[in-house]
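Accompanying notes for the structure given below.
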2 protein chains.
Amino acid sequence: MTNVQVSSAPASGMRDLAPAEVAIRDWATSVIMKTYREFGFTRIETPVMENIGLLRRGEGGENLSLIFEVLKRGEKLEKELASASCKKENLADLGLRFDLTVPLVRFYANNQNVLPTPLKAIQMGPVFRAESPGPTRFRQFTQCDIDVIGMKSELVEMELLQATSQALLELGFKDFTVRINDRRILSELARSFGFAEDKQETVFIALDKLDKVGVAGVQKELESHGHSSEAVTKMVAFLGNLSTTDSALDARKNQLPESIDPEVWQALVNVVTAVSDVAKSRYNVVFDPTLVRGMGYYTGQIFEISCPGYSSSVAGGGRYDKMVGKFTGREVPACGFSIGFERIVSILLSENFKPPVETQKVALIFEADRDNLVDVLKKADQLRNSGHSVCVLTRKKDFRKQLDNLVSQNFNSFASYKGADLDPEIKLLTKSE
Amino acid sequence: MTNVQVSSAPASGMRDLAPAEVAIRDWATSVIMKTYREFGFTRIETPVMENIGLLRRGEGGENLSLIFEVLKRGEKLEKELASASCKKENLADLGLRFDLTVPLVRFYANNQNVLPTPLKAIQMGPVFRAESPGPTRFRQFTQCDIDVIGMKSELVEMELLQATSQALLELGFKDFTVRINDRRILSELARSFGFAEDKQETVFIALDKLDKVGVAGVQKELESHGHSSEAVTKMVAFLGNLSTTDSALDARKNQLPESIDPEVWQALVNVVTAVSDVAKSRYNVVFDPTLVRGMGYYTGQIFEISCPGYSSSVAGGGRYDKMVGKFTGREVPACGFSIGFERIVSILLSENFKPPVETQKVALIFEADRDNLVDVLKKADQLRNSGHSVCVLTRKKDFRKQLDNLVSQNFNSFASYKGADLDPEIKLLTKSE
């Protein structure tokens, strides 16, 4: 190898995670996992790379243009490069996953014979999108999903919402709002107002921006897409009413078209009621007929959780009953909810959150020139056997500064090694002035 | 998207991990992490992808030919493809890491100003190698490393060996053997026997195969590389003696050339003695002058742990004092030890190991046609609040079979929902005949 110095920065859009942030991430992970396990979910894992054909199939919406593609290798690559029709589409055989839902559905199809029904899966791991990097936009980030595959009852929606809300409570979040809607209500709303069926997607895209651009902004966008002015007027009136009227379920029902399927409505009422009930006023649960969620694969209820004081949502999900069938040839109901793990961590970091330290963390400090290493190791072993977490360190010249640094590394005590036959005295660490 | 069915298998050489195996992996991870934290190590994390220039630099030995390379995107890719000199080396700008050591050294160089000295890092995560897949050879696998950067004392070697051994003990491994050697002893051995300095690498490669091919096999390989027959004869005599003589340190010392650096020898004696001492006869610690370890970057002591009954090692590592300096321009001592996580998991799986279940896991079973979902959810909530882990399930036609399946999913009890006002009776689950 050469001695030429290369950049030591991580690749563009990627992050190095130092001990302090990892400690927060590990704590949040353990809290979330513990909560989900209490709701009967079990963790599964799929590979980071998938066949490129699977990723390009189309369930990813706009993420399809953001796939990191992996070059073919050896003879296969040589053959492509030598070919007169060498196309970039043929250069890759693998790609990095852009979400955990497409891999989950493939996993289910591949392993359905050995999996329980329903499968209540936890997934947590890195996903990759080739977006333009920004201060809060990374090309590798962690997703944390729970999904129930193989159960149609709206008990699934209830449990996903309760489990995710419970995890947020355990993480210290309060007074958040769980917003619930149903794709079938959205569709019927658009149809009954007179929007063309084949242009519904642009209606939802406009509606999705309501929070940011307001009713006038939505109106402008709808008009720009050439929707009938009658339909736009009805939508604008509907949106205007929402903000001034009672948000109770009965009041909302009266504003919806009568053509809404009563079963769809009843399921929504059941979910809002049940989750409100177990929330015990610790968080809010509301029907929000303007909630859209981006992904095209949703078929039923959709949900999102937002926190007071933070603009983007901290969790989102919904039911996607048609997607598994595209892999298995047999329709299998499915519903999932994803915590915005990076969002959670960035909120905790912004609030200077410190994860609880479980054991007493002792720095055992010896003098490199003086002490016998074998004896030092044995003394550390004794301390560990009496229940301490022990890090052995050499004494530095500026001892006071060394102790201060230990405080910022989350050590709560230290002990100076005094020889093989003496027990070191464990002293609490406090930051000097 | 299309309805064409694509294969649901993971990509070649990749694995889907179902709940039973993930439970073992999660248990093993938590045991290892807990042990390493007790020794004062803290977890850090680097991205899965690195700049391709970093990965191609040459610290990876034979892994360099196994890098999964990631295609450039957008205009940069178009430009390469349009260029007359379109070379495969120019098509990728990123690659998937093949180990955790190269990223660690880059991480240290990038963050040294904010990191403690020494940095005692835990790393655990997926690495990727484009090897021919086999029953036990995967293209994505988990590595689990501890490294100490910035401390020269052999206390580092002692602690790495003790911590890794302790983790193996906590995982249930017994009577394993920690083998220790020093690259400088190996070099002096080869030099003193008369092997040419510039051909030492081939001597070590031959020696590394001793376990598999025996002394005669090593002799044959050495001869095939055209080493002087006098040198080969001396090596053969040395290896022959090892198996018949006392393996105590003093006896081994007498077999080594007198030109071995006394400081190198003393450090080795210190490490073997100290780790033997804290082992308290639960595992063996030996000096093995034939231990080689593959990677070229080792500069001092090297180590490996082997288990009775299993051929390949379960852990390996060593000191690499020259590698960090190639990134920082300033020499920084470093030493690491890696647990063969996949090896550990495969041994646990082969022994039908079941991880301990911590909480009572109850299946609350309701009848979908009869019971009120809101009430079922509230009942599950009550059970959870009294300390149970609860999974709500609909009752299936073959109830006995359903209960049997719950046993194999690690449920230890079940309760039938009896209505809003009645407490369900929790019954222990036992497999029917």
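Residues are named by chain letter and number: chains run A, B, ... in the order of the structure tokens, numbers start at 1 in each chain, and ligands are numbered from 1 in the order shown.
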- Item | All alpha helix (DSSP H) positions in stretch 113-185 of chain A, as a VMD selection string | chain A and resid 155 to 170 183 to 185
What are the closest atom pairs, with distances in Å to one decimal, for each residue of chain B lying within 6 Å of chain A, using only C-alpha atoms, rows by chain and rising residue number, as a Markdown table?
| residue | atom | partner | partner_atom | distance |
| --- | --- | --- | --- | --- |
| B:Met1 | CA | A:Gly58 | CA | 4.9 |
| B:Asn3 | CA | A:Lys326 | CA | 5.8 |
| B:Gln5 | CA | A:Phe327 | CA | 5.7 |
| B:Ser8 | CA | A:Asn110 | CA | 5.0 |
| B:Ala9 | CA | A:Asn110 | CA | 5.7 |
| B:Ala11 | CA | A:Asn51 | CA | 5.3 |
| B:Asp16 | CA | A:Thr46 | CA | 4.8 |
| B:Leu17 | CA | A:Glu45 | CA | 5.0 |
| B:Ala18 | CA | A:Ile44 | CA | 5.3 |
| B:Pro19 | CA | A:Ile44 | CA | 5.3 |
| B:Glu38 | CA | A:Ser389 | CA | 4.0 |
| B:Phe39 | CA | A:Val390 | CA | 5.3 |
| B:Gly40 | CA | A:Cys391 | CA | 4.3 |
| B:Arg43 | CA | A:Pro19 | CA | 5.8 |
| B:Ile44 | CA | A:Pro19 | CA | 5.3 |
| B:Glu45 | CA | A:Leu17 | CA | 5.0 |
| B:Thr46 | CA | A:Asp16 | CA | 4.9 |
| B:Glu50 | CA | A:Ala11 | CA | 5.5 |
| B:Asn51 | CA | A:Ala11 | CA | 5.3 |
| B:Gly58 | CA | A:Met1 | CA | 4.9 |
| B:Glu69 | CA | A:Leu71 | CA | 5.6 |
| B:Val70 | CA | A:Val70 | CA | 4.4 |
| B:Leu71 | CA | A:Glu69 | CA | 5.6 |
| B:Arg106 | CA | A:Ser8 | CA | 5.1 |
| B:Ala109 | CA | A:Ser8 | CA | 5.9 |
| B:Asn110 | CA | A:Ser8 | CA | 5.0 |
| B:Ala274 | CA | A:Val374 | CA | 4.8 |
| B:Lys326 | CA | A:Asn3 | CA | 5.8 |
| B:Phe327 | CA | A:Gln5 | CA | 5.7 |
| B:Val374 | CA | A:Ala274 | CA | 4.8 |
| B:Ser389 | CA | A:Glu38 | CA | 4.0 |
| B:Val390 | CA | A:Phe39 | CA | 5.3 |
| B:Cys391 | CA | A:Gly40 | CA | 4.2 |
Written file, previous selection with N, CA and C atoms, as a compact mmCIF listing (two decimals), in the first residue's frame:
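selection16.txt, written as the output of this step:
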# COMPACT_ATOMS: atom_id res chain seq x y z
N MET B 1 -46.64 -0.26 -11.37
CA MET B 1 -45.82 -1.48 -11.25
C MET B 1 -46.50 -2.67 -11.92
N ASN B 3 -47.39 -6.87 -12.48
CA ASN B 3 -47.77 -8.00 -11.64
C ASN B 3 -46.90 -9.23 -11.88
N GLN B 5 -44.39 -11.93 -11.44
CA GLN B 5 -43.79 -12.38 -10.19
C GLN B 5 -42.28 -12.51 -10.33
N SER B 8 -38.61 -14.57 -4.98
CA SER B 8 -38.67 -14.01 -3.64
C SER B 8 -37.45 -14.41 -2.81
N ALA B 9 -36.49 -15.12 -3.42
CA ALA B 9 -35.28 -15.48 -2.68
C ALA B 9 -34.39 -14.26 -2.51
N ALA B 11 -30.81 -12.19 -2.60
CA ALA B 11 -29.75 -12.24 -3.61
C ALA B 11 -28.74 -13.33 -3.25
N ASP B 16 -31.98 -14.40 4.57
CA ASP B 16 -33.10 -13.91 5.37
C ASP B 16 -32.97 -14.52 6.75
N LEU B 17 -33.12 -13.70 7.79
CA LEU B 17 -33.01 -14.22 9.15
C LEU B 17 -34.39 -14.20 9.82
N ALA B 18 -34.92 -15.38 10.08
CA ALA B 18 -36.25 -15.53 10.68
C ALA B 18 -36.16 -15.35 12.20
N PRO B 19 -37.35 -15.16 12.87
CA PRO B 19 -37.34 -14.81 14.30
C PRO B 19 -36.48 -15.72 15.19
N GLU B 38 -18.48 -3.57 30.31
CA GLU B 38 -17.89 -3.75 31.64
C GLU B 38 -16.37 -3.54 31.62
N PHE B 39 -15.78 -3.68 30.46
CA PHE B 39 -14.34 -3.44 30.31
C PHE B 39 -14.06 -2.01 29.83
N GLY B 40 -15.09 -1.16 29.81
CA GLY B 40 -14.87 0.24 29.48
C GLY B 40 -14.88 0.57 27.99
N ARG B 43 -19.47 1.86 22.07
CA ARG B 43 -19.74 1.54 20.67
C ARG B 43 -19.61 2.79 19.80
N ILE B 44 -19.04 2.62 18.64
CA ILE B 44 -19.04 3.66 17.61
C ILE B 44 -19.62 3.04 16.33
N GLU B 45 -19.94 3.89 15.36
CA GLU B 45 -20.52 3.35 14.13
C GLU B 45 -20.02 4.14 12.93
N THR B 46 -19.67 3.42 11.88
CA THR B 46 -19.27 4.06 10.62
C THR B 46 -20.26 3.63 9.54
N GLU B 50 -18.16 3.26 1.87
CA GLU B 50 -17.03 4.17 1.98
C GLU B 50 -16.63 4.61 0.57
N ASN B 51 -15.88 5.71 0.48
CA ASN B 51 -15.34 6.09 -0.83
C ASN B 51 -14.49 4.95 -1.36
N GLY B 58 -5.44 -0.71 0.00
CA GLY B 58 -4.52 -1.83 0.12
C GLY B 58 -4.38 -2.45 1.49
N GLU B 69 -18.67 -2.87 -5.53
CA GLU B 69 -18.50 -1.46 -5.91
C GLU B 69 -19.84 -0.86 -6.32
N VAL B 70 -20.05 0.39 -5.93
CA VAL B 70 -21.33 1.06 -6.18
C VAL B 70 -21.19 2.03 -7.35
N LEU B 71 -22.06 1.87 -8.33
CA LEU B 71 -22.06 2.69 -9.55
C LEU B 71 -22.19 4.18 -9.25
N ARG B 106 -10.06 5.16 9.53
CA ARG B 106 -10.52 6.41 8.91
C ARG B 106 -11.34 7.22 9.92
N ALA B 109 -9.02 8.89 12.38
CA ALA B 109 -8.35 10.04 11.77
C ALA B 109 -9.31 11.22 11.63
N ASN B 110 -10.56 10.93 11.30
CA ASN B 110 -11.55 11.98 11.04
C ASN B 110 -12.05 12.65 12.32
N ALA B 274 -0.51 -12.92 32.64
CA ALA B 274 -1.63 -12.16 33.19
C ALA B 274 -2.97 -12.76 32.78
N LYS B 326 -0.77 6.08 8.70
CA LYS B 326 -0.92 6.26 7.25
C LYS B 326 -2.09 7.20 6.93
N PHE B 327 -2.99 7.37 7.89
CA PHE B 327 -4.12 8.29 7.70
C PHE B 327 -3.86 9.64 8.37
N VAL B 374 -62.50 -3.07 20.76
CA VAL B 374 -62.06 -2.02 21.69
C VAL B 374 -61.84 -2.62 23.08
N SER B 389 -45.88 -9.63 28.75
CA SER B 389 -45.75 -9.31 27.34
C SER B 389 -46.92 -10.00 26.64
N VAL B 390 -47.74 -9.24 25.91
CA VAL B 390 -49.01 -9.78 25.40
C VAL B 390 -49.12 -9.65 23.89
N CYS B 391 -49.44 -10.76 23.24
CA CYS B 391 -49.69 -10.77 21.80
C CYS B 391 -51.16 -11.16 21.60
- Message: Would you compute the distance between atom CA of B:Pro355 and atom CA of B:Asn412? Give it in Å to one decimal.
- Response: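 Computing it gives 13.6 Å between the two atoms.
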- Message: Between atom CA of A:Ile339 and atom CA of A:Trp27, what is the distance in Å, rounded to a tenth?
- Response: 14.9 Å
- Identify, on the basis of only C-alpha atoms, every residue whose closest approach to stretch 297-307 of chain B does not exceed 10 Å; exclude the query and any residue fewer than 4 positions from it along the same chain; express the result as a VMD selection string. chain B and resid 58 to 61 154 157 160 to 161 164 to 165 168 173 to 186 264 267 to 268 271 283 to 288 291 to 293 311 to 323 333 to 340
Can you write just those residues out, C-alpha atoms, as a CSV table (one decimal), in the first residue's frame?
chain,number,residue,atom,x,y,z
B,58,GLY,CA,-4.5,-1.8,0.1
B,59,GLU,CA,-5.1,-2.6,3.8
B,60,GLY,CA,-7.5,-5.3,2.9
B,61,GLY,CA,-5.1,-8.0,1.6
B,154,GLU,CA,0.7,-4.5,26.6
B,157,GLU,CA,-3.4,-6.9,24.7
B,160,LEU,CA,-8.6,-7.4,24.8
B,161,LEU,CA,-7.8,-11.0,25.4
B,164,THR,CA,-13.1,-11.4,24.5
B,165,SER,CA,-12.5,-14.6,26.6
B,168,LEU,CA,-17.1,-16.3,25.2
B,173,PHE,CA,-18.2,-21.5,25.7
B,174,LYS,CA,-15.7,-23.5,27.8
B,175,ASP,CA,-12.2,-25.0,27.7
B,176,PHE,CA,-11.2,-22.9,24.7
B,177,THR,CA,-7.6,-22.0,24.0
B,178,VAL,CA,-6.2,-18.5,23.6
B,179,ARG,CA,-3.2,-18.7,21.4
B,180,ILE,CA,-0.7,-15.8,21.4
B,181,ASN,CA,2.3,-15.1,19.2
B,182,ASP,CA,4.2,-12.0,18.0
B,183,ARG,CA,4.9,-11.0,14.4
B,184,ARG,CA,8.4,-9.9,15.5
B,185,ILE,CA,9.1,-13.4,16.8
B,186,LEU,CA,7.9,-14.9,13.6
B,264,VAL,CA,9.3,-8.5,22.8
B,267,ALA,CA,5.9,-8.5,26.8
B,268,LEU,CA,4.7,-11.9,25.5
B,271,VAL,CA,0.5,-11.2,28.5
B,283,TYR,CA,-9.8,-21.5,29.5
B,284,ASN,CA,-6.2,-22.1,28.4
B,285,VAL,CA,-3.7,-19.4,27.4
B,286,VAL,CA,-0.6,-20.5,25.4
B,287,PHE,CA,2.2,-19.1,23.4
B,288,ASP,CA,2.0,-20.6,19.9
B,291,LEU,CA,0.3,-18.7,14.9
B,292,VAL,CA,0.4,-16.4,11.8
B,293,ARG,CA,-2.9,-14.5,11.2
B,311,SER,CA,-11.8,-26.4,13.4
B,312,SER,CA,-11.8,-22.7,12.5
B,313,SER,CA,-11.1,-20.1,15.2
B,314,VAL,CA,-13.9,-18.2,17.0
B,315,ALA,CA,-11.8,-15.0,17.4
B,316,GLY,CA,-8.7,-13.3,16.1
B,317,GLY,CA,-6.7,-10.1,16.2
B,318,GLY,CA,-3.5,-8.3,17.0
B,319,ARG,CA,-1.5,-5.1,17.2
B,320,TYR,CA,-1.3,-2.8,14.2
B,321,ASP,CA,0.8,0.2,15.2
B,322,LYS,CA,1.6,1.5,11.7
B,323,MET,CA,-1.9,1.7,10.1
B,333,PRO,CA,-0.5,2.6,18.5
B,334,ALA,CA,-3.6,0.3,17.9
B,335,CYS,CA,-4.6,-3.2,18.7
B,336,GLY,CA,-7.8,-5.1,18.1
B,337,PHE,CA,-9.6,-8.4,18.6
B,338,SER,CA,-12.6,-9.6,16.6
B,339,ILE,CA,-15.1,-12.2,17.6
B,340,GLY,CA,-16.3,-14.5,14.7
- Query: Hey, can you check how far atom CA of B:Ser83 sits from atom CA of A:Pro133?
  - Reply: 27.1 Å
- Task: Once DSSP has gone over the backbone, tell me which residues of stretch 310-425 of chain B are in strand (DSSP E), as a list in words.
- Result: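 The residues of stretch 310-425 of chain B classed as strand (DSSP E) are Ala315, Gly316, Gly317, Gly318, Arg319, Ala334, Cys335, Gly336, Phe337, Ser338, Ile339, Lys361, Val362, Ala363, Leu364, Ile365, Phe366, Ser389, Val390, Cys391, Val392, Leu393, Thr394, Ser413, Phe414, Ala415 and Ser416 of chain B.
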Kindly export the residues of the current selection with C-alpha atoms, as a PDB file, in the first residue's frame.
ATOM      1  CA  ALA B 315     -11.838 -14.954  17.450  1.00  0.00           C
ATOM      2  CA  GLY B 316      -8.679 -13.333  16.103  1.00  0.00           C
ATOM      3  CA  GLY B 317      -6.733 -10.115  16.239  1.00  0.00           C
ATOM      4  CA  GLY B 318      -3.489  -8.344  16.961  1.00  0.00           C
ATOM      5  CA  ARG B 319      -1.528  -5.138  17.196  1.00  0.00           C
ATOM      6  CA  ALA B 334      -3.550   0.348  17.858  1.00  0.00           C
ATOM      7  CA  CYS B 335      -4.614  -3.161  18.735  1.00  0.00           C
ATOM      8  CA  GLY B 336      -7.846  -5.065  18.088  1.00  0.00           C
ATOM      9  CA  PHE B 337      -9.650  -8.350  18.613  1.00  0.00           C
ATOM     10  CA  SER B 338     -12.573  -9.614  16.562  1.00  0.00           C
ATOM     11  CA  ILE B 339     -15.124 -12.222  17.582  1.00  0.00           C
ATOM     12  CA  LYS B 361     -45.087 -14.044  26.986  1.00  0.00           C
ATOM     13  CA  VAL B 362     -48.882 -14.423  26.894  1.00  0.00           C
ATOM     14  CA  ALA B 363     -51.047 -15.034  23.819  1.00  0.00           C
ATOM     15  CA  LEU B 364     -54.432 -13.374  24.467  1.00  0.00           C
ATOM     16  CA  ILE B 365     -56.876 -15.178  22.188  1.00  0.00           C
ATOM     17  CA  PHE B 366     -60.207 -13.661  21.159  1.00  0.00           C
ATOM     18  CA  SER B 389     -45.745  -9.311  27.336  1.00  0.00           C
ATOM     19  CA  VAL B 390     -49.012  -9.779  25.396  1.00  0.00           C
ATOM     20  CA  CYS B 391     -49.695 -10.772  21.800  1.00  0.00           C
ATOM     21  CA  VAL B 392     -53.389 -10.568  20.799  1.00  0.00           C
ATOM     22  CA  LEU B 393     -54.466 -13.269  18.350  1.00  0.00           C
ATOM     23  CA  THR B 394     -57.756 -14.493  16.833  1.00  0.00           C
ATOM     24  CA  SER B 413     -48.689 -19.043  28.355  1.00  0.00           C
ATOM     25  CA  PHE B 414     -52.056 -18.148  26.855  1.00  0.00           C
ATOM     26  CA  ALA B 415     -55.401 -16.728  27.988  1.00  0.00           C
ATOM     27  CA  SER B 416     -58.825 -16.821  26.323  1.00  0.00           C
TER      28      SER B 416
END
